[in-house]
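K.L.:
Next up is a structure, given as structure tokens.
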Amino acid sequence: MSEYDDRIAVIGLAGRFPGADSVPEFWRLLRDGVDAVHDYTDGELRQLGAGQGLLADPALVRSGGALPGGALDGIAGFDAELFGFDAREAALLDPQHRLFLESAWGALEDAGCDPQRYDGDVGVFTGISTNRYFLFHLLGNPEAADGDPDDWEAQLAIRPGAEYLPARVAYRLGLRGPAIAVQTACSSSLTAVCVAAQSLLDYGCDLAVAGGASVSLPRHRHTPGGLVSPDGRTRAFDASAAGTGYGSGTGAVVLKRYADLDPDRDRVHAVLRGWAVNNDGAHRAGFAAPGTDGQAAVVAEALARAGVSPHELGYLEAHGSATVLGDAIELAALHQVWQAAGPSPAGSCALGTAKANIGNLDAASGIAALVAAVRAVTEGTVPAHAQFHEPHPGLGLEFGPFTIPRVRGPWPHAGSRLAGVSSFGLGGSNAHVVLEQAPSPTPHTPPTPDTTPGPHTTPAPPPPPSLKPPPTDWHLLPLSAHSPAALADACDRLAAHLESAGPALSLADVAYTLAVGRRVLPYRAAVAARRPAEAAEALRRVAAGPQAGPPPPDEAGGELRAAADSWLRGESTDWTSYLKDRPGRVCTLPAHPFRRRRHWIDPPDRRATTRGGPA
């Protein structure tokens, strides 16, 4: 390109959130205003390490955002074998590390990138919360000690640190770019995205994985007027707001310089137009209090960097702490930015927060908000704001451009869809990102076969006008996994996706994504098909039996048959040459079928007596 382009493309998304095991599931619950906060039973709380004294405390918040799969198994399950951990290592590993490893893997798959074959440096930028598993389950627990059970200094060196997560991801996935831990409290994961974007612009890496994870064990207590909601619900901007609820989750995005995109092959979810990070400094009521000027400054700087007016934003994914002070300061800061840009019509920008659906994911809350905004600009839909009934009278919502939708609706105005994302950390570290919808992809231009009749052939008659000629292009779908069971799961999931995706799905895109965008694993299968329905039927047969797939028929062509044979023999198939003249771009496919098993060490049996009874 002739001029400098400082945009960053979001090309991969993955995550697990309360009530949602994938990004599509997460978007559905946001779009429909679903309350995904879980009400724990006493048995579940005991499984998660709550002692009798805590259970007897009426201030205990007995609800929170829990991952699908069960209150315990949602955070204890991990595919240790895939990532090269033995059972002991996995049981000692911070569950936040486990969750983010899976998200990083999934986001790279969604981006169509196999790091083992990627010609460039991939950076990792992460933010996670305190390792509560170590504090409540492992520290002082003989079951967790290696060697001298009293030598906890040795354990502290490697187990609980957030600083080890990016290096662990780089090691396990084979990434050679910068590996940087970002810790700014609740804004950690969105700040990690900002640091990753800047690293790309500075050519510190060629691709970046950014995001975070948080595991929140239910230990929070509510105090009147405090930060914590009594029932675990986060009623941001509502008249009944009484604090934030907490939850567990993980999310990751893959970023790439916009100027480096391959317009024929890459798929773009959204574009980062601008971003900014700052701190409130001392201009606030106290260390734990937010600051109006700092929040206004970070939003204004991100908008200025993006080169857009605040009036162009149709949606803003707010921090939404659901405390009266926090919500009031956030709204005051936004009003300050919008008023500085001139008058704007009422209702021109929708305001929401994913926290209302899933709770505050602490260090992972920013990446959850970013994923929500990416999906919103992609679909042009403003999600319903959960937990919202009446605006808090002290916020002044009626005097500005902001509206809080009770049900999902269309984008507020025409033109390119733009959204803002805010994330503010306790201590005043603020981050804001401005997103824009992705441009329309260039249409496929598949090679046209030579149908000119030869001197001794008779041209075939055209098909009847009422009938479409049947497609004749064959596509090869290669799959691999780390076990036969995982391979069968992968085949079944892809078959279900092909059956439900509808006519908009291109089998050429599926074939291309599988060939170039998946890690090559030991157990392999391949099917050849011309239509999605044919491919789904063949995949079901592979999943049901031990065979690696029926051999492609002769009519599929010698090149396809040779590629299938090479793949199934376990060779390093030359997909670049095979795909050179074939159409196809990266598309969204089912995530890797992680074979999760419980890896968990119960907390030590604490017998200390407290006022409420044994802990």
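Numbering starts fresh at 1 for the residues of each chain in the structure tokens, the chains themselves are lettered A, B, ... in the order given, and ligands are numbered from 1 as they appear.
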Would you kindly return, as a list in words, each protein, DNA or RNA residue with an atom no farther than 12 Å from any atom of Glu499 (chain A), considering only C-alpha atoms and excluding same-chain residues fewer than 2 positions away?

P.N.:
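In the requested format, the answer is Asp492, Arg493, Leu494, Ala495, Ala496, His497, Ala501, Gly502, Pro503, Ala504, Leu505, Leu507, Arg531, Pro532, Ala533, Glu534, Ala535, Ala536, Glu537, Ala538, Leu539 and Arg540 of chain A.
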
K.L.:
Find the residues near Lys256 (chain A): any atom within 12 Å, counting only C-alpha atoms, skip ones fewer than 5 places away on the same chain, and give them as a ChimeraX atom specification.

P.N.:
/A:5-12,108,111,113,120-123,193,196-201,203-210,261-262,266-272

K.L.:
From the list A:Gly112, A:Gly53, A:Gly70, A:Gly545, which residue is nearest Ala591 (chain A) when using only C-alpha atoms?

P.N.:
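Looking only at the distances to Ala591 (chain A), the closest residue turns out to be A:Gly112.
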
K.L.:
Between A:Leu92, A:Ala333, A:Ala511, A:Val527, which one has atoms that come closest to Asp146 (chain A), using only C-alpha atoms?

P.N.:
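When distances to Asp146 (chain A) are compared using only C-alpha atoms, the smallest one comes from A:Leu92.
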
K.L.:
Near Ala525 (chain A), counting only C-alpha atoms, which residues have an atom at most 8 Å away, once you skip same-chain residues fewer than 6 positions from it, shown as a list in words?

P.N.:
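Counting only C-alpha atoms, the residues come to Pro478, Leu479, Ser480, Leu487, Val542, Gln547, Ala548, Gly549 and Leu568 of chain A.
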
K.L.:
What lies within 12 Å of Glu571 (chain A) using only C-alpha atoms, ignoring chain neighbours under 6 positions off, as a ChimeraX atom specification?

P.N.:
/A:520-524,562-565

K.L.:
Restricting it to all heavy atoms, dump the selection as a tab-separated table (two decimals), in the first residue's frame.

P.N.:
```tsv
chain	number	residue	atom	x	y	z
A	520	VAL	N	-1.65	-30.09	12.55
A	520	VAL	CA	-1.60	-31.46	12.05
A	520	VAL	C	-1.31	-32.39	13.22
A	520	VAL	O	-0.27	-32.31	13.86
A	520	VAL	CB	-0.52	-31.61	10.95
A	520	VAL	CG1	-0.46	-33.05	10.47
A	520	VAL	CG2	-0.81	-30.66	9.78
A	521	LEU	N	-2.25	-33.30	13.47
A	521	LEU	CA	-2.16	-34.21	14.61
A	521	LEU	C	-2.10	-35.66	14.11
A	521	LEU	O	-2.36	-35.94	12.93
A	521	LEU	CB	-3.36	-33.98	15.54
A	521	LEU	CG	-3.40	-32.57	16.17
A	521	LEU	CD1	-4.73	-32.30	16.83
A	521	LEU	CD2	-2.26	-32.38	17.16
A	522	PRO	N	-1.76	-36.62	14.98
A	522	PRO	CA	-1.40	-37.97	14.51
A	522	PRO	C	-2.51	-38.76	13.81
A	522	PRO	O	-2.24	-39.51	12.87
A	522	PRO	CB	-0.96	-38.68	15.79
A	522	PRO	CG	-0.60	-37.60	16.75
A	522	PRO	CD	-1.50	-36.47	16.42
A	523	TYR	N	-3.75	-38.64	14.29
A	523	TYR	CA	-4.82	-39.47	13.74
A	523	TYR	C	-5.55	-38.67	12.66
A	523	TYR	O	-6.05	-37.57	12.92
A	523	TYR	CB	-5.77	-39.92	14.85
A	523	TYR	CG	-5.11	-40.85	15.83
A	523	TYR	CD1	-4.42	-40.35	16.94
A	523	TYR	CD2	-5.12	-42.23	15.63
A	523	TYR	CE1	-3.79	-41.20	17.83
A	523	TYR	CE2	-4.48	-43.08	16.52
A	523	TYR	CZ	-3.82	-42.56	17.61
A	523	TYR	OH	-3.18	-43.41	18.49
A	524	ARG	N	-5.64	-39.25	11.45
A	524	ARG	CA	-6.11	-38.48	10.31
A	524	ARG	C	-7.29	-39.16	9.61
A	524	ARG	O	-7.44	-40.38	9.63
A	524	ARG	CB	-4.98	-38.28	9.30
A	524	ARG	CG	-3.75	-37.59	9.87
A	524	ARG	CD	-2.74	-37.32	8.78
A	524	ARG	NE	-1.50	-36.75	9.31
A	524	ARG	CZ	-0.53	-36.27	8.55
A	524	ARG	NH1	-0.63	-36.31	7.22
A	524	ARG	NH2	0.56	-35.76	9.10
A	562	ALA	N	-4.14	-37.82	-5.05
A	562	ALA	CA	-2.76	-37.86	-4.56
A	562	ALA	C	-2.63	-37.12	-3.22
A	562	ALA	O	-1.93	-37.57	-2.31
A	562	ALA	CB	-1.81	-37.25	-5.59
A	563	ALA	N	-3.33	-35.97	-3.10
A	563	ALA	CA	-3.28	-35.22	-1.85
A	563	ALA	C	-3.91	-36.02	-0.71
A	563	ALA	O	-3.38	-36.07	0.41
A	563	ALA	CB	-3.99	-33.88	-2.01
A	564	ALA	N	-5.03	-36.69	-0.99
A	564	ALA	CA	-5.68	-37.50	0.04
A	564	ALA	C	-4.79	-38.66	0.45
A	564	ALA	O	-4.66	-38.97	1.65
A	564	ALA	CB	-7.02	-38.03	-0.49
A	565	ASP	N	-4.16	-39.30	-0.50
A	565	ASP	CA	-3.28	-40.43	-0.20
A	565	ASP	C	-2.09	-39.99	0.64
A	565	ASP	O	-1.72	-40.64	1.62
A	565	ASP	CB	-2.81	-41.07	-1.51
A	565	ASP	CG	-2.05	-42.37	-1.27
A	565	ASP	OD1	-2.59	-43.25	-0.57
A	565	ASP	OD2	-0.93	-42.49	-1.77
```

K.L.:
Using only C-alpha atoms, which protein or nucleic acid residues come within 8 Å of Ser189 (chain A)? Drop anything in the same chain fewer than 4 positions from it, and give the result as a count of residues only.

P.N.:
14

K.L.:
So which bits of region 322-571 of chain A end up helix (DSSP H, G or I) when you DSSP the backbone, as a count of residues only?

P.N.:
97

K.L.:
Name the closest residue to Ala304 (chain A) among the candidates A:Ala328, A:Val434, A:Ala289, A:Ala414; distances are taken between atoms, counting only C-alpha atoms.

P.N.:
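Of all the options, A:Val434 lies closest to Ala304 (chain A).
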
K.L.:
Could you tell me, as a PyMOL selection string, which residues of region 521-574 of chain A DSSP assigns to strand (DSSP E or B) when given the backbone?

P.N.:
chain A and resi 523-529

K.L.:
Using only C-alpha atoms, which of A:Ala167, A:Leu331, A:Val433, A:Ala14 sits nearest Gly106 (chain A)?

P.N.:
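Going through A:Ala167, A:Leu331, A:Val433, A:Ala14 one by one, the smallest distance to Gly106 (chain A) is for A:Ala14.
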
K.L.:
How many Å lie between CA of Gly177 (chain A) and CA of Ala368 (chain A), rounded to one decimal?

P.N.:
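Computing it gives 24.1 Å between the two atoms.
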
K.L.:
Counting only C-alpha atoms, give me one row per residue of region 545-602 of chain A with an atom at most 12 Å from an atom of region 82-91 of chain A, showing the shortest contact pair and its distance in Å to one decimal, sorted by chain then residue number, as a Markdown table.

P.N.:
```
| residue | atom | partner | partner_atom | distance |
| --- | --- | --- | --- | --- |
| A:His592 | CA | A:Leu82 | CA | 10.5 |
| A:Pro593 | CA | A:Leu82 | CA | 10.4 |
| A:Phe594 | CA | A:Leu82 | CA | 8.0 |
| A:Arg595 | CA | A:Leu82 | CA | 8.3 |
| A:Arg596 | CA | A:Leu82 | CA | 9.7 |
| A:Arg597 | CA | A:Ala87 | CA | 9.5 |
| A:Arg598 | CA | A:Ala91 | CA | 8.3 |
| A:His599 | CA | A:Ala91 | CA | 4.5 |
| A:Trp600 | CA | A:Ala91 | CA | 5.0 |
| A:Ile601 | CA | A:Ala91 | CA | 6.3 |
| A:Asp602 | CA | A:Ala91 | CA | 10.0 |
```

K.L.:
Kindly export the residues of the current selection with N, CA and C atoms, as a PDB file, in the first residue's frame.

P.N.:
```
ATOM      1  N   HIS A 592     -11.913 -27.198  17.896  1.00  0.00           N
ATOM      2  CA  HIS A 592     -11.305 -28.494  18.182  1.00  0.00           C
ATOM      3  C   HIS A 592     -12.075 -29.207  19.305  1.00  0.00           C
ATOM      4  N   PRO A 593     -12.336 -30.497  19.168  1.00  0.00           N
ATOM      5  CA  PRO A 593     -13.093 -31.223  20.202  1.00  0.00           C
ATOM      6  C   PRO A 593     -12.202 -31.579  21.392  1.00  0.00           C
ATOM      7  N   PHE A 594     -11.991 -30.627  22.279  1.00  0.00           N
ATOM      8  CA  PHE A 594     -11.162 -30.898  23.451  1.00  0.00           C
ATOM      9  C   PHE A 594     -11.762 -32.052  24.255  1.00  0.00           C
ATOM     10  N   ARG A 595     -10.915 -32.997  24.628  1.00  0.00           N
ATOM     11  CA  ARG A 595     -11.340 -34.157  25.425  1.00  0.00           C
ATOM     12  C   ARG A 595     -10.986 -33.861  26.881  1.00  0.00           C
ATOM     13  N   ARG A 596     -11.855 -33.123  27.535  1.00  0.00           N
ATOM     14  CA  ARG A 596     -11.564 -32.634  28.883  1.00  0.00           C
ATOM     15  C   ARG A 596     -11.824 -33.709  29.935  1.00  0.00           C
ATOM     16  N   ARG A 597     -10.873 -33.800  30.866  1.00  0.00           N
ATOM     17  CA  ARG A 597     -11.039 -34.650  32.048  1.00  0.00           C
ATOM     18  C   ARG A 597     -10.747 -33.814  33.288  1.00  0.00           C
ATOM     19  N   ARG A 598     -11.327 -34.224  34.402  1.00  0.00           N
ATOM     20  CA  ARG A 598     -11.141 -33.446  35.628  1.00  0.00           C
ATOM     21  C   ARG A 598      -9.711 -33.590  36.142  1.00  0.00           C
ATOM     22  N   HIS A 599      -9.059 -32.440  36.327  1.00  0.00           N
ATOM     23  CA  HIS A 599      -7.740 -32.373  36.950  1.00  0.00           C
ATOM     24  C   HIS A 599      -7.859 -31.373  38.092  1.00  0.00           C
ATOM     25  N   TRP A 600      -7.920 -31.876  39.308  1.00  0.00           N
ATOM     26  CA  TRP A 600      -8.307 -31.017  40.430  1.00  0.00           C
ATOM     27  C   TRP A 600      -7.782 -31.605  41.730  1.00  0.00           C
ATOM     28  N   ILE A 601      -7.317 -30.755  42.609  1.00  0.00           N
ATOM     29  CA  ILE A 601      -6.900 -31.160  43.950  1.00  0.00           C
ATOM     30  C   ILE A 601      -7.795 -30.440  44.943  1.00  0.00           C
ATOM     31  N   ASP A 602      -8.461 -31.205  45.781  1.00  0.00           N
ATOM     32  CA  ASP A 602      -9.356 -30.607  46.771  1.00  0.00           C
ATOM     33  C   ASP A 602      -8.566 -29.809  47.788  1.00  0.00           C
TER      34      ASP A 602
END
```

K.L.:
May I ask which of the residues A:His222, A:Arg168, A:Arg305, A:His432 is the closest one to Ala192 (chain A), counting only C-alpha atoms?

P.N.:
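Looking at the shortest contact to Ala192 (chain A), the residue is A:His432.
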
K.L.:
With distances taken over only C-alpha atoms, which of A:Ala543, A:Ala384, A:Cys491, A:Ala322 is nearest to Asp35 (chain A)?

P.N.:
A:Ala384

K.L.:
As a list of chain:residue names, please: the residues near region 235-241 of chain A (cut-off 9 Å, only C-alpha atoms, same-chain neighbours under 2 positions excluded).

P.N.:
A:Ser229, A:Arg233, A:Gly243, A:Thr244, A:His319, A:Gly320, A:Ser321, A:Ala322, A:Thr323, A:Val324, A:Asp327, A:Ala328, A:Leu331, A:Gly352, A:Thr353, A:Lys355, A:Ala356, A:Ala386, A:Gln387, A:Phe388, A:His389, A:Glu390, A:Pro391, A:His392, A:Pro393, A:Gly394, A:Leu395, A:Leu397, A:Ile404

K.L.:
Find the spatial neighbours of Gly19 (chain A), counting only C-alpha atoms, within a cut-off of 8 Å - ignore same-chain residues fewer than 3 positions away - and output them as a PyMOL selection string.

P.N.:
chain A and resi 25-26+29+36-37+65-68+358

K.L.:
Keeping only all heavy atoms, take the residues you just selected and write them out as a CSV table (one decimal), in the first residue's frame.

P.N.:
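Output contents, as saved in result21.csv:
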```csv
chain,number,residue,atom,x,y,z
A,25,GLU,N,-22.4,-19.3,20.9
A,25,GLU,CA,-23.3,-19.4,22.0
A,25,GLU,C,-23.3,-18.2,22.9
A,25,GLU,O,-24.4,-17.8,23.4
A,25,GLU,CB,-22.9,-20.7,22.9
A,25,GLU,CG,-23.2,-22.0,22.2
A,25,GLU,CD,-22.7,-23.2,23.1
A,25,GLU,OE1,-22.5,-23.0,24.3
A,25,GLU,OE2,-22.6,-24.3,22.5
A,26,PHE,N,-22.2,-17.6,23.1
A,26,PHE,CA,-22.1,-16.4,23.9
A,26,PHE,C,-22.8,-15.3,23.2
A,26,PHE,O,-23.6,-14.5,23.9
A,26,PHE,CB,-20.6,-16.0,24.0
A,26,PHE,CG,-20.3,-14.7,24.8
A,26,PHE,CD1,-20.8,-14.5,26.0
A,26,PHE,CD2,-19.4,-13.8,24.3
A,26,PHE,CE1,-20.5,-13.4,26.7
A,26,PHE,CE2,-19.1,-12.6,25.0
A,26,PHE,CZ,-19.7,-12.4,26.2
A,29,LEU,N,-26.7,-15.6,23.7
A,29,LEU,CA,-27.2,-15.2,25.0
A,29,LEU,C,-27.2,-13.7,25.2
A,29,LEU,O,-28.1,-13.1,25.9
A,29,LEU,CB,-26.6,-16.0,26.2
A,29,LEU,CG,-25.2,-15.7,26.6
A,29,LEU,CD1,-25.1,-14.6,27.6
A,29,LEU,CD2,-24.6,-17.0,27.3
A,36,ALA,N,-27.2,-15.4,32.5
A,36,ALA,CA,-26.4,-16.7,32.6
A,36,ALA,C,-25.7,-16.9,33.9
A,36,ALA,O,-24.9,-17.7,34.0
A,36,ALA,CB,-25.3,-16.6,31.5
A,37,VAL,N,-26.1,-16.1,34.9
A,37,VAL,CA,-25.5,-16.2,36.2
A,37,VAL,C,-26.1,-17.5,36.9
A,37,VAL,O,-27.3,-17.7,36.8
A,37,VAL,CB,-25.8,-15.0,37.1
A,37,VAL,CG1,-25.3,-15.2,38.5
A,37,VAL,CG2,-25.1,-13.8,36.5
A,65,GLY,N,-21.1,-16.3,37.8
A,65,GLY,CA,-21.0,-16.8,36.4
A,65,GLY,C,-20.2,-18.1,36.3
A,65,GLY,O,-19.0,-18.0,36.5
A,66,ALA,N,-20.8,-19.2,36.1
A,66,ALA,CA,-20.1,-20.5,36.0
A,66,ALA,C,-20.1,-21.0,34.6
A,66,ALA,O,-21.0,-20.8,33.8
A,66,ALA,CB,-20.9,-21.5,36.9
A,67,LEU,N,-19.0,-21.6,34.3
A,67,LEU,CA,-18.8,-22.2,32.9
A,67,LEU,C,-19.7,-23.4,32.7
A,67,LEU,O,-20.0,-24.1,33.7
A,67,LEU,CB,-17.3,-22.5,32.7
A,67,LEU,CG,-16.4,-21.4,32.6
A,67,LEU,CD1,-14.9,-21.9,32.5
A,67,LEU,CD2,-16.7,-20.4,31.5
A,68,PRO,N,-20.1,-23.6,31.5
A,68,PRO,CA,-20.9,-24.9,31.2
A,68,PRO,C,-20.1,-26.1,31.6
A,68,PRO,O,-18.9,-26.1,31.5
A,68,PRO,CB,-21.2,-24.8,29.7
A,68,PRO,CG,-21.0,-23.3,29.4
A,68,PRO,CD,-20.0,-22.8,30.3
A,358,ILE,N,-23.4,-12.1,32.3
A,358,ILE,CA,-22.4,-13.2,32.8
A,358,ILE,C,-21.7,-12.8,34.0
A,358,ILE,O,-21.0,-13.6,34.6
A,358,ILE,CB,-21.4,-13.5,31.7
A,358,ILE,CG1,-20.5,-12.3,31.3
A,358,ILE,CG2,-22.1,-14.0,30.4
A,358,ILE,CD1,-19.4,-12.6,30.4
```
